[in-house]
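The next block is target_19.csv, given as CSV, C-alpha atoms.
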chain,number,residue,atom,x,y,z
A,1,MET,CA,-22.2,15.6,-2.1
A,2,GLN,CA,-25.5,14.0,-1.1
A,3,SER,CA,-25.5,11.8,-4.2
A,4,GLU,CA,-21.9,10.8,-3.6
A,5,LEU,CA,-22.9,9.6,-0.2
A,6,GLU,CA,-25.9,7.8,-1.6
A,7,LYS,CA,-23.8,6.1,-4.2
A,8,TRP,CA,-21.4,4.9,-1.5
A,9,LEU,CA,-24.3,3.7,0.7
A,10,LYS,CA,-25.7,1.8,-2.2
A,11,GLU,CA,-22.5,-0.1,-2.6
A,12,LEU,CA,-22.3,-0.7,1.1
A,13,ARG,CA,-25.9,-2.0,1.2
A,14,LYS,CA,-25.2,-4.3,-1.7
A,15,GLY,CA,-22.7,-6.2,0.3
A,16,SER,CA,-24.8,-6.4,3.4
A,17,THR,CA,-28.0,-7.5,1.8
A,18,LYS,CA,-26.9,-11.0,1.1
A,19,LEU,CA,-25.6,-11.4,4.6
A,20,ALA,CA,-28.7,-10.0,6.2
A,21,MET,CA,-31.0,-12.1,4.1
A,22,LEU,CA,-29.1,-15.3,4.8
A,23,SER,CA,-29.0,-14.4,8.5
A,24,LEU,CA,-32.8,-14.1,8.7
A,25,LEU,CA,-33.3,-17.3,6.8
A,26,SER,CA,-31.0,-19.1,9.2
A,27,LEU,CA,-33.6,-18.5,11.9
A,28,LYS,CA,-36.7,-19.7,9.9
A,29,ASP,CA,-38.1,-20.2,6.5
A,30,MET,CA,-39.6,-16.9,5.1
A,31,TYR,CA,-41.4,-15.7,2.0
A,32,GLY,CA,-40.1,-12.7,0.1
A,33,TYR,CA,-42.5,-10.1,1.4
A,34,GLU,CA,-42.0,-11.2,5.0
A,35,LEU,CA,-38.3,-11.1,4.6
A,36,THR,CA,-38.2,-7.5,3.3
A,37,ARG,CA,-40.7,-6.4,5.9
A,38,GLU,CA,-38.9,-8.0,8.8
A,39,LEU,CA,-35.6,-6.6,7.7
A,40,GLY,CA,-36.9,-3.1,7.6
A,41,HIS,CA,-38.6,-3.7,11.0
A,42,ILE,CA,-35.6,-5.1,12.8
A,43,THR,CA,-33.2,-2.4,11.5
A,44,ASP,CA,-35.6,0.5,12.0
A,45,GLY,CA,-35.6,1.1,8.3
A,46,VAL,CA,-31.8,1.4,8.0
A,47,ILE,CA,-31.7,-1.7,5.8
A,48,THR,CA,-34.7,-1.4,3.6
A,49,LEU,CA,-35.0,-3.8,0.7
A,50,LYS,CA,-37.5,-3.2,-2.1
A,51,GLU,CA,-38.9,-6.3,-3.6
A,52,SER,CA,-37.3,-5.4,-6.9
A,53,ASN,CA,-33.9,-5.9,-5.3
A,54,ALA,CA,-34.8,-8.6,-2.8
A,55,TYR,CA,-36.3,-11.1,-5.1
A,56,PRO,CA,-33.6,-11.1,-7.7
A,57,ALA,CA,-31.0,-11.3,-4.9
A,58,LEU,CA,-32.9,-14.3,-3.5
A,59,HIS,CA,-32.9,-15.8,-7.0
A,60,MET,CA,-29.1,-15.5,-7.1
A,61,LEU,CA,-28.7,-17.0,-3.7
A,62,GLU,CA,-30.9,-19.9,-4.9
A,63,ALA,CA,-28.9,-20.2,-8.1
A,64,ASP,CA,-25.7,-20.4,-6.0
A,65,GLY,CA,-27.3,-23.2,-3.9
A,66,LEU,CA,-27.2,-21.2,-0.7
A,67,ILE,CA,-31.0,-21.3,-0.3
A,68,LYS,CA,-33.9,-23.4,-1.6
A,69,SER,CA,-37.5,-22.4,-2.3
A,70,TYR,CA,-40.9,-24.1,-2.2
A,71,TRP,CA,-44.5,-23.0,-2.7
A,72,LYS,CA,-46.9,-23.1,0.2
A,73,GLU,CA,-50.7,-22.5,0.2
A,74,THR,CA,-51.9,-20.0,2.8
A,75,GLU,CA,-55.3,-18.7,3.8
A,76,ALA,CA,-58.2,-19.0,1.4
A,77,GLY,CA,-58.4,-16.1,-1.1
A,78,MET,CA,-54.6,-15.5,-0.9
A,79,PRO,CA,-52.2,-16.7,-3.6
A,80,PRO,CA,-49.6,-19.3,-2.6
A,81,ARG,CA,-46.3,-17.9,-1.1
A,82,LYS,CA,-42.9,-18.8,-2.2
A,83,TYR,CA,-40.9,-19.7,0.9
A,84,TYR,CA,-37.1,-19.7,1.1
A,85,SER,CA,-35.0,-21.9,3.4
A,86,ILE,CA,-31.3,-21.9,3.9
A,87,THR,CA,-29.3,-24.9,2.8
A,88,VAL,CA,-26.3,-26.6,4.6
A,89,GLU,CA,-24.0,-24.7,2.1
A,90,GLY,CA,-25.8,-21.5,2.9
A,91,ARG,CA,-25.3,-21.9,6.6
A,92,ALA,CA,-21.6,-22.6,6.1
A,93,PHE,CA,-21.3,-19.6,3.8
A,94,LEU,CA,-23.2,-17.4,6.3
A,95,ASP,CA,-20.7,-18.4,9.1
A,96,ASP,CA,-17.8,-17.5,6.9
A,97,MET,CA,-19.4,-14.2,5.9
A,98,LYS,CA,-20.1,-13.3,9.5
A,99,LYS,CA,-16.5,-14.0,10.5
A,100,GLU,CA,-15.2,-11.8,7.7
A,101,TRP,CA,-17.7,-9.1,8.5
A,102,THR,CA,-16.6,-9.1,12.2
A,103,LYS,CA,-13.0,-9.1,11.1
A,104,HIS,CA,-13.6,-6.2,8.8
A,105,SER,CA,-15.5,-4.1,11.3
A,106,GLU,CA,-12.8,-4.7,13.9
A,107,ALA,CA,-10.2,-3.6,11.4
A,108,MET,CA,-12.2,-0.4,10.7
A,109,GLU,CA,-12.4,0.2,14.5
A,110,ASN,CA,-8.6,0.1,14.5
A,111,VAL,CA,-8.6,2.6,11.7
A,112,TRP,CA,-10.9,5.0,13.6
A,113,LYS,CA,-8.7,4.6,16.8
A,114,PHE,CA,-5.4,5.2,14.9
A,115,LYS,CA,-3.8,8.5,16.1
A,116,GLY,CA,-0.8,8.5,13.8
B,1,MET,CA,-59.8,-10.7,4.1
B,2,GLU,CA,-61.7,-10.1,0.9
B,3,PHE,CA,-60.4,-8.6,-2.3
B,4,ASN,CA,-62.9,-6.7,-4.5
B,5,GLU,CA,-62.8,-7.4,-8.2
B,6,ASP,CA,-61.4,-4.0,-9.2
B,7,ALA,CA,-58.5,-4.5,-6.7
B,8,LYS,CA,-57.7,-8.0,-8.2
B,9,ARG,CA,-57.8,-6.5,-11.7
B,10,GLU,CA,-55.5,-3.7,-10.7
B,11,ILE,CA,-53.0,-6.3,-9.3
B,12,GLU,CA,-53.2,-8.4,-12.5
B,13,LYS,CA,-52.6,-5.2,-14.6
B,14,ASN,CA,-49.4,-4.4,-12.6
B,15,LEU,CA,-48.2,-8.0,-12.9
B,16,LYS,CA,-48.7,-7.9,-16.6
B,17,ASP,CA,-46.7,-4.7,-16.9
B,18,ILE,CA,-43.8,-6.5,-15.1
B,19,ILE,CA,-44.0,-9.8,-16.9
B,20,ASN,CA,-44.2,-8.2,-20.3
B,21,ASN,CA,-40.7,-6.9,-19.6
B,22,ILE,CA,-39.3,-10.2,-18.4
B,23,ASN,CA,-37.6,-12.0,-21.3
B,24,LEU,CA,-37.2,-15.5,-19.8
B,25,ASP,CA,-38.7,-18.9,-20.6
B,26,ASN,CA,-42.2,-19.6,-19.5
B,27,LYS,CA,-41.3,-21.5,-16.3
B,28,ASP,CA,-39.2,-18.7,-14.9
B,29,ARG,CA,-41.8,-16.1,-15.9
B,30,THR,CA,-44.6,-18.0,-14.3
B,31,ASP,CA,-42.6,-18.4,-11.1
B,32,ILE,CA,-41.8,-14.7,-11.0
B,33,GLU,CA,-45.4,-13.8,-11.7
B,34,LYS,CA,-46.6,-16.0,-8.9
B,35,GLU,CA,-44.2,-14.7,-6.4
B,36,LEU,CA,-45.0,-11.1,-7.3
B,37,ARG,CA,-48.7,-11.8,-7.2
B,38,SER,CA,-48.3,-13.1,-3.6
B,39,THR,CA,-46.4,-9.9,-2.7
B,40,TYR,CA,-49.0,-7.6,-4.2
B,41,TYR,CA,-51.8,-9.4,-2.3
B,42,GLU,CA,-49.9,-9.4,1.0
B,43,SER,CA,-48.9,-5.8,0.6
B,44,ALA,CA,-52.4,-4.7,-0.4
B,45,GLU,CA,-53.9,-6.7,2.5
B,46,ALA,CA,-51.6,-5.0,4.9
B,47,ALA,CA,-52.7,-1.6,3.5
B,48,ALA,CA,-56.4,-2.5,4.1
B,49,ARG,CA,-55.7,-3.8,7.6
B,50,ALA,CA,-53.9,-0.5,8.4
B,51,ARG,CA,-57.2,1.4,7.7
B,52,ASN,CA,-59.2,-1.2,9.7
B,53,SER,CA,-61.0,-2.5,6.6
B,54,THR,CA,-61.8,-6.2,5.8
B,55,VAL,CA,-62.2,-5.5,2.1
B,56,VAL,CA,-59.1,-4.7,-0.1
B,57,THR,CA,-59.9,-2.1,-2.6
B,58,THR,CA,-58.0,-0.5,-5.6
B,59,GLY,CA,-56.9,2.2,-3.2
B,60,ASP,CA,-55.1,-0.4,-1.1
B,61,VAL,CA,-53.5,-1.8,-4.2
B,62,ASN,CA,-52.3,1.7,-5.0
B,63,THR,CA,-50.9,2.2,-1.5
B,64,ALA,CA,-49.1,-1.2,-1.9
B,65,LYS,CA,-47.8,-0.1,-5.3
B,66,ALA,CA,-46.3,3.1,-3.9
B,67,GLY,CA,-44.3,1.0,-1.5
B,68,LEU,CA,-43.0,-1.3,-4.2
B,69,CYS,CA,-40.9,-0.5,-7.2
B,70,THR,CA,-42.2,0.5,-10.6
B,71,PRO,CA,-42.9,-2.4,-13.0
B,72,LYS,CA,-40.0,-1.4,-15.2
B,73,GLU,CA,-37.5,-1.3,-12.4
B,74,THR,CA,-38.7,-4.6,-11.0
B,75,ALA,CA,-38.5,-6.3,-14.4
B,76,ALA,CA,-35.0,-4.8,-15.0
B,77,SER,CA,-33.8,-5.9,-11.6
B,78,TYR,CA,-35.0,-9.4,-12.2
B,79,MET,CA,-33.4,-9.5,-15.6
B,80,ARG,CA,-30.1,-8.3,-14.2
B,81,SER,CA,-30.1,-11.2,-11.8
B,82,TYR,CA,-30.6,-13.7,-14.7
B,83,ALA,CA,-28.2,-12.0,-17.2
B,84,SER,CA,-25.3,-14.3,-16.7
B,85,THR,CA,-27.5,-17.5,-17.0
B,86,LEU,CA,-29.3,-16.5,-20.2
B,87,SER,CA,-28.7,-18.8,-23.2
B,88,ARG,CA,-27.2,-16.7,-26.0
B,89,ALA,CA,-28.2,-17.4,-29.6
B,90,GLY,CA,-25.4,-18.2,-32.0
B,91,PHE,CA,-24.8,-17.9,-35.7
B,92,TRP,CA,-27.2,-20.4,-37.2
B,93,PRO,CA,-30.5,-19.5,-35.4
B,94,ARG,CA,-29.7,-15.9,-36.0
B,95,LEU,CA,-29.0,-16.5,-39.7
B,96,ALA,CA,-32.4,-18.3,-39.9
B,97,ALA,CA,-34.1,-15.4,-38.3
B,98,PHE,CA,-32.3,-13.0,-40.7
B,99,ILE,CA,-33.5,-15.0,-43.7
B,100,ILE,CA,-37.1,-14.9,-42.4
B,101,ASP,CA,-36.9,-11.2,-41.8
B,102,SER,CA,-35.4,-10.7,-45.3
B,103,ILE,CA,-38.2,-12.5,-46.9
B,104,ILE,CA,-40.8,-10.5,-44.9
B,105,LEU,CA,-39.0,-7.3,-45.7
B,106,CYS,CA,-38.9,-8.1,-49.5
B,107,ALA,CA,-42.5,-9.1,-49.5
B,108,THR,CA,-43.5,-5.9,-47.7
B,109,ILE,CA,-41.6,-3.7,-50.0
B,110,PHE,CA,-43.0,-5.6,-53.0
B,111,ILE,CA,-46.6,-5.1,-51.7
B,112,LEU,CA,-45.9,-1.4,-51.1
B,113,THR,CA,-44.5,-1.0,-54.6
B,114,LEU,CA,-47.2,-3.0,-56.3
B,115,PRO,CA,-49.7,-0.2,-56.9
B,116,MET,CA,-47.1,1.8,-58.6
B,117,LEU,CA,-46.0,-1.1,-60.8
B,118,VAL,CA,-49.6,-1.7,-61.8
B,119,LEU,CA,-50.0,2.0,-62.6
B,120,MET,CA,-46.8,1.8,-64.7
B,121,VAL,CA,-48.2,-1.0,-66.8
B,122,ILE,CA,-51.5,0.9,-67.2
B,123,LEU,CA,-49.8,4.1,-68.3
B,124,ASN,CA,-47.3,2.3,-70.6
B,125,VAL,CA,-44.3,3.5,-68.6
B,126,PRO,CA,-41.2,1.7,-69.9
B,127,PHE,CA,-39.6,-0.4,-67.2
B,128,SER,CA,-36.1,-0.4,-68.6
B,129,LYS,CA,-35.5,2.6,-70.8
B,130,SER,CA,-35.6,5.4,-68.2
B,131,SER,CA,-34.6,8.0,-70.8
B,132,ASP,CA,-37.7,7.3,-72.9
B,133,TYR,CA,-40.2,10.0,-72.0
B,134,SER,CA,-42.6,9.5,-74.9
B,135,TRP,CA,-45.2,7.9,-72.6
B,136,MET,CA,-45.7,11.2,-70.8
B,137,GLY,CA,-47.2,12.8,-73.9
B,138,GLN,CA,-49.9,10.2,-74.0
B,139,HIS,CA,-51.5,11.3,-70.7
B,140,ASN,CA,-53.0,14.5,-69.3
B,141,PRO,CA,-51.3,16.4,-66.5
B,142,ALA,CA,-53.7,15.1,-63.8
B,143,VAL,CA,-52.8,11.5,-64.5
B,144,LEU,CA,-49.1,12.3,-64.5
B,145,ALA,CA,-49.5,14.2,-61.2
B,146,LEU,CA,-51.2,11.1,-59.8
B,147,PHE,CA,-48.4,8.9,-61.1
B,148,PHE,CA,-45.5,11.0,-59.7
B,149,GLY,CA,-47.4,11.4,-56.4
B,150,LEU,CA,-47.8,7.7,-56.0
B,151,ALA,CA,-44.1,7.2,-57.0
B,152,LEU,CA,-43.0,9.6,-54.3
B,153,ILE,CA,-45.2,7.9,-51.7
B,154,THR,CA,-43.9,4.5,-52.8
B,155,VAL,CA,-40.2,5.4,-52.6
B,156,VAL,CA,-40.6,7.2,-49.2
B,157,SER,CA,-42.6,4.3,-47.7
B,158,ASP,CA,-40.1,1.7,-49.1
B,159,ILE,CA,-37.3,3.6,-47.5
B,160,ILE,CA,-39.1,4.0,-44.2
B,161,VAL,CA,-39.9,0.3,-44.1
B,162,GLY,CA,-36.5,-0.8,-45.3
B,163,ILE,CA,-34.6,1.2,-42.7
B,164,GLY,CA,-37.2,1.1,-40.0
B,165,TYR,CA,-37.9,-2.7,-39.9
B,166,TYR,CA,-35.0,-3.7,-37.8
B,167,ILE,CA,-34.3,-0.5,-35.9
B,168,VAL,CA,-38.0,0.1,-34.9
B,169,LEU,CA,-39.0,-3.4,-34.2
B,170,GLU,CA,-36.0,-4.3,-32.1
B,171,GLY,CA,-35.9,-0.8,-30.5
B,172,HIS,CA,-39.5,-1.0,-29.5
B,173,PHE,CA,-40.2,-4.7,-28.9
B,174,GLY,CA,-36.7,-6.2,-28.6
B,175,TYR,CA,-37.3,-8.6,-31.5
B,176,THR,CA,-38.1,-8.8,-35.2
B,177,VAL,CA,-40.7,-11.2,-36.7
B,178,GLY,CA,-38.0,-13.7,-37.5
B,179,LYS,CA,-36.5,-13.6,-34.0
B,180,TYR,CA,-40.0,-13.8,-32.4
B,181,LEU,CA,-40.9,-16.8,-34.5
B,182,LEU,CA,-37.7,-18.5,-33.5
B,183,GLY,CA,-38.0,-17.5,-29.8
B,184,MET,CA,-35.2,-15.0,-29.6
B,185,ARG,CA,-34.9,-11.6,-28.0
B,186,VAL,CA,-32.3,-8.8,-28.2
B,187,LEU,CA,-31.2,-7.6,-24.8
B,188,LYS,CA,-28.5,-5.4,-23.3
B,189,THR,CA,-25.7,-7.5,-21.9
B,190,ASP,CA,-26.9,-6.7,-18.4
B,191,GLY,CA,-30.2,-8.5,-19.2
B,192,THR,CA,-32.4,-5.5,-19.5
B,193,LYS,CA,-34.4,-4.3,-22.5
B,194,ILE,CA,-32.7,-2.4,-25.4
B,195,GLY,CA,-33.9,1.0,-26.6
B,196,TYR,CA,-33.7,2.7,-30.0
B,197,LYS,CA,-30.1,3.7,-29.4
B,198,GLU,CA,-28.9,0.1,-29.0
B,199,SER,CA,-31.1,-1.0,-31.8
B,200,PHE,CA,-29.7,1.6,-34.2
B,201,LEU,CA,-26.1,0.8,-33.3
B,202,ARG,CA,-26.4,-3.0,-33.6
B,203,ASN,CA,-28.4,-2.8,-36.9
B,204,LEU,CA,-26.1,-0.4,-38.6
B,205,PRO,CA,-24.1,-3.0,-40.6
B,206,LYS,CA,-27.3,-4.3,-42.1
B,207,TYR,CA,-27.6,-1.0,-44.0
B,208,ILE,CA,-24.0,-0.6,-45.1
B,209,ASN,CA,-23.2,-2.7,-48.1
B,210,ASN,CA,-22.3,-6.2,-47.0
B,211,LEU,CA,-20.9,-5.1,-43.7
B,212,ILE,CA,-23.3,-7.5,-41.9
B,213,ILE,CA,-21.4,-10.5,-43.4
B,214,ILE,CA,-18.1,-9.2,-42.1
B,215,ASP,CA,-19.7,-8.4,-38.8
B,216,ALA,CA,-21.1,-12.0,-38.6
B,217,LEU,CA,-17.6,-13.3,-39.4
B,218,ILE,CA,-16.2,-11.1,-36.6
B,219,MET,CA,-18.6,-12.9,-34.3
B,220,LEU,CA,-17.5,-16.3,-35.4
B,221,ILE,CA,-13.8,-15.6,-35.3
B,222,PHE,CA,-13.4,-13.2,-32.3
B,223,PHE,CA,-16.5,-13.3,-30.2
B,224,ASN,CA,-17.7,-16.9,-30.6
B,225,LYS,CA,-17.9,-17.5,-26.9
B,226,GLU,CA,-19.9,-14.3,-26.2
B,227,LYS,CA,-21.9,-14.8,-29.3
B,228,GLN,CA,-21.8,-11.1,-30.2
B,229,ARG,CA,-21.3,-9.5,-33.5
B,230,GLY,CA,-18.8,-6.6,-33.6
B,231,PHE,CA,-21.7,-4.2,-33.5
B,232,ASP,CA,-23.3,-6.1,-30.7
B,233,LYS,CA,-20.1,-5.4,-28.8
B,234,VAL,CA,-20.4,-1.7,-29.7
B,235,ALA,CA,-24.0,-1.5,-28.7
B,236,ASN,CA,-23.5,-3.7,-25.6
B,237,THR,CA,-26.3,-6.1,-26.8
B,238,MET,CA,-26.8,-9.8,-27.1
B,239,VAL,CA,-29.4,-12.1,-28.6
B,240,ILE,CA,-30.9,-14.8,-26.3
B,241,HIS,CA,-33.2,-17.8,-26.6
B,242,VAL,CA,-36.3,-17.4,-24.5
B,243,ARG,CA,-37.4,-21.0,-25.0
If you convert what's in this file into structure tokens, what do you get?
Amino acid sequence: MQSELEKWLKELRKGSTKLAMLSLLSLKDMYGYELTRELGHITDGVITLKESNAYPALHMLEADGLIKSYWKETEAGMPPRKYYSITVEGRAFLDDMKKEWTKHSEAMENVWKFKG
Amino acid sequence: MEFNEDAKREIEKNLKDIINNINLDNKDRTDIEKELRSTYYESAEAAARARNSTVVTTGDVNTAKAGLCTPKETAASYMRSYASTLSRAGFWPRLAAFIIDSIILCATIFILTLPMLVLMVILNVPFSKSSDYSWMGQHNPAVLALFFGLALITVVSDIIVGIGYYIVLEGHFGYTVGKYLLGMRVLKTDGTKIGYKESFLRNLPKYINNLIIIDALIMLIFFNKEKQRGFDKVANTMVIHVR
């Protein structure tokens, strides 16, 4: 039973990852490690992204033109960071996603409330 | 924050483990490596800070590592995200690789068989008339034992090399010599590395008569767009260009 729940959660997370990442990037440019750390922090660990999932997901967002990346030097002794920033298309897509998400969660509310 | 040399080495070792499993062109590989390097450094630095140290040690790198995915998982996950954008190799480059591999295979088998051929000449063993056993009478039993021992070793090693070449090389490395020289890799269609199972399945037609020719035709006629032989379809594999 536990693994059934986990399977389902995995699917659920897959859908929300893109939305959560775009949403954070709409606030400011972030590098991958920062993004995954912030996400875990804000959501109290409910949405935790491992780098092995986050970076490929970022790559796909970039390939779709929703975000852009650039390298930036940081403090001495540390390697450069790859920063991601949201594009105009990304913002538009994020707005659409948010609307759909709200619509979906409202619809689910109605399902919970339904008494037959 | 300072990183001690052991810590840096440990990070580079981990990066290498990941990058070795990334079958992309050099630009993408370098990009991935740089991004992961930055992650390892940041993560290890955070671990050092958490224990109030100003020097990052191997222990911090290991703490960081525990919070990250295994190199294999990380590489597989990257490859999955690239799977649909990989450039698949078609008939001609694959035929070229096959010819190179065939030459190497023939040469290897010839070299393996050479000692026995030399011994056959020395012992006057007839090359064509296999029913002529008169040469046996000219030698003492020790020499004959040596000859048949060598013959057995030769036959067995030829069979092992002949069957193992494609299956073992592709199963283990994901490429044969020919594919390596021409910058090609065999991957699962989801972009991840193949194993022995996939390698065995996709290479089966190479060992059954001329089935490989039919299978190549199947690719040209039916799966030209996917650039997969029939047995690639069965094994869920594809051949891609990495440069």
Which neighbours of segment 33-49 of chain A fall inside 12 Å, counting only C-alpha atoms, when residues of the same chain fewer than 4 positions from it are skipped, and could you give them as an mmCIF file with C-alpha atoms, in the coordinates of the input?
data_model
loop_
_atom_site.group_PDB
_atom_site.id
_atom_site.type_symbol
_atom_site.label_atom_id
_atom_site.label_comp_id
_atom_site.auth_asym_id
_atom_site.auth_seq_id
_atom_site.Cartn_x
_atom_site.Cartn_y
_atom_site.Cartn_z
ATOM 1 C CA LEU A 9 -24.300 3.700 0.700
ATOM 2 C CA LYS A 10 -25.700 1.800 -2.200
ATOM 3 C CA LEU A 12 -22.300 -0.700 1.100
ATOM 4 C CA ARG A 13 -25.900 -2.000 1.200
ATOM 5 C CA LYS A 14 -25.200 -4.300 -1.700
ATOM 6 C CA GLY A 15 -22.700 -6.200 0.300
ATOM 7 C CA SER A 16 -24.800 -6.400 3.400
ATOM 8 C CA THR A 17 -28.000 -7.500 1.800
ATOM 9 C CA LYS A 18 -26.900 -11.000 1.100
ATOM 10 C CA LEU A 19 -25.600 -11.400 4.600
ATOM 11 C CA ALA A 20 -28.700 -10.000 6.200
ATOM 12 C CA MET A 21 -31.000 -12.100 4.100
ATOM 13 C CA LEU A 22 -29.100 -15.300 4.800
ATOM 14 C CA SER A 23 -29.000 -14.400 8.500
ATOM 15 C CA LEU A 24 -32.800 -14.100 8.700
ATOM 16 C CA LEU A 25 -33.300 -17.300 6.800
ATOM 17 C CA SER A 26 -31.000 -19.100 9.200
ATOM 18 C CA LEU A 27 -33.600 -18.500 11.900
ATOM 19 C CA LYS A 28 -36.700 -19.700 9.900
ATOM 20 C CA ASP A 29 -38.100 -20.200 6.500
ATOM 21 C CA ASN A 53 -33.900 -5.900 -5.300
ATOM 22 C CA ALA A 54 -34.800 -8.600 -2.800
ATOM 23 C CA TYR A 55 -36.300 -11.100 -5.100
ATOM 24 C CA PRO A 56 -33.600 -11.100 -7.700
ATOM 25 C CA ALA A 57 -31.000 -11.300 -4.900
ATOM 26 C CA LEU A 58 -32.900 -14.300 -3.500
ATOM 27 C CA ARG A 81 -46.300 -17.900 -1.100
ATOM 28 C CA LYS A 82 -42.900 -18.800 -2.200
ATOM 29 C CA TYR A 83 -40.900 -19.700 0.900
ATOM 30 C CA TYR A 84 -37.100 -19.700 1.100
ATOM 31 C CA SER A 85 -35.000 -21.900 3.400
ATOM 32 C CA GLU B 35 -44.200 -14.700 -6.400
ATOM 33 C CA LEU B 36 -45.000 -11.100 -7.300
ATOM 34 C CA ARG B 37 -48.700 -11.800 -7.200
ATOM 35 C CA SER B 38 -48.300 -13.100 -3.600
ATOM 36 C CA THR B 39 -46.400 -9.900 -2.700
ATOM 37 C CA TYR B 40 -49.000 -7.600 -4.200
ATOM 38 C CA TYR B 41 -51.800 -9.400 -2.300
ATOM 39 C CA GLU B 42 -49.900 -9.400 1.000
ATOM 40 C CA SER B 43 -48.900 -5.800 0.600
ATOM 41 C CA ALA B 44 -52.400 -4.700 -0.400
ATOM 42 C CA GLU B 45 -53.900 -6.700 2.500
ATOM 43 C CA ALA B 46 -51.600 -5.000 4.900
ATOM 44 C CA ALA B 64 -49.100 -1.200 -1.900
ATOM 45 C CA GLY B 67 -44.300 1.000 -1.500
ATOM 46 C CA LEU B 68 -43.000 -1.300 -4.200
ATOM 47 C CA CYS B 69 -40.900 -0.500 -7.200
#
Do a neighbour search on Arg29 of chain B at 12 Å with all atoms listed in the file, toss out local chain neighbours closer than 6 positions, and write the hits as a ChimeraX atom specification. /B:15-16,18-23,35-37,75,78-79,82,242-243
Separation of atom CA of Arg51 of chain B from atom CA of Glu2 of chain B, in Å and rounded to one decimal: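 Atom CA of Glu2 of chain B lies at a distance of 14.1 Å from atom CA of Arg51 of chain B.
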Counting only C-alpha atoms, which residues have an atom no more than 8 Å from (-45.3, 3.9, -53.2) in the file's coordinates? Please list them as a ChimeraX atom specification. /B:112-116,150-158
Atomic distance atom CA of Val161 of chain B - atom CA of Thr176 of chain B, expressed in Å with one decimal: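 About the pair atom CA of Val161 of chain B and atom CA of Thr176 of chain B: they are 12.9 Å apart.
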Point (-50.9, 1.7, -68.4) neighbourhood (12 Å, only C-alpha atoms) written as a list in words: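 These residues have at least one counted atom within 12 Å: Pro115, Met116, Leu117, Val118, Leu119, Met120, Val121, Ile122, Leu123, Asn124, Val125, Pro126, Phe127, Trp135, Met136, Gln138, His139, Val143, Leu144 and Phe147 of chain B.
Atom to atom, atom CA of Ile160 of chain B and atom CA of Ile213 of chain B stand 22.9 Å apart.
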Name the residues in contact with segment 200-210 of chain B at a cut-off of 10 Å, using all atoms listed in the file, excluding same-chain residues fewer than 4 positions from it; report them as a count of residues only. 26
Surrounding residues of Ser87 of chain B excluding itself and chain neighbours under 2 positions, 8 Å, all atoms listed in the file, as a list in words: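 The contact residues come out as Thr85, Ala89, Ile240, His241 and Val242 of chain B.
In this comparison, which uses all atoms listed in the file, the residue of A:Asn110, A:Ser105, A:Ser52, A:Ser69 approaching chain B most closely is A:Ser52.
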Could you check the closest approach to Glu62 of chain A for each of A:Val111, A:Pro80, A:Glu75, A:Glu89 and tell me which residue wins, using all atoms listed in the file?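 Looking only at the distances to Glu62 of chain A, the closest residue turns out to be A:Glu89.
Across B:Ser128, B:Asn4, B:Asn26, B:Thr58, the tightest approach to chain A is made by B:Asn4 when counting only C-alpha atoms.
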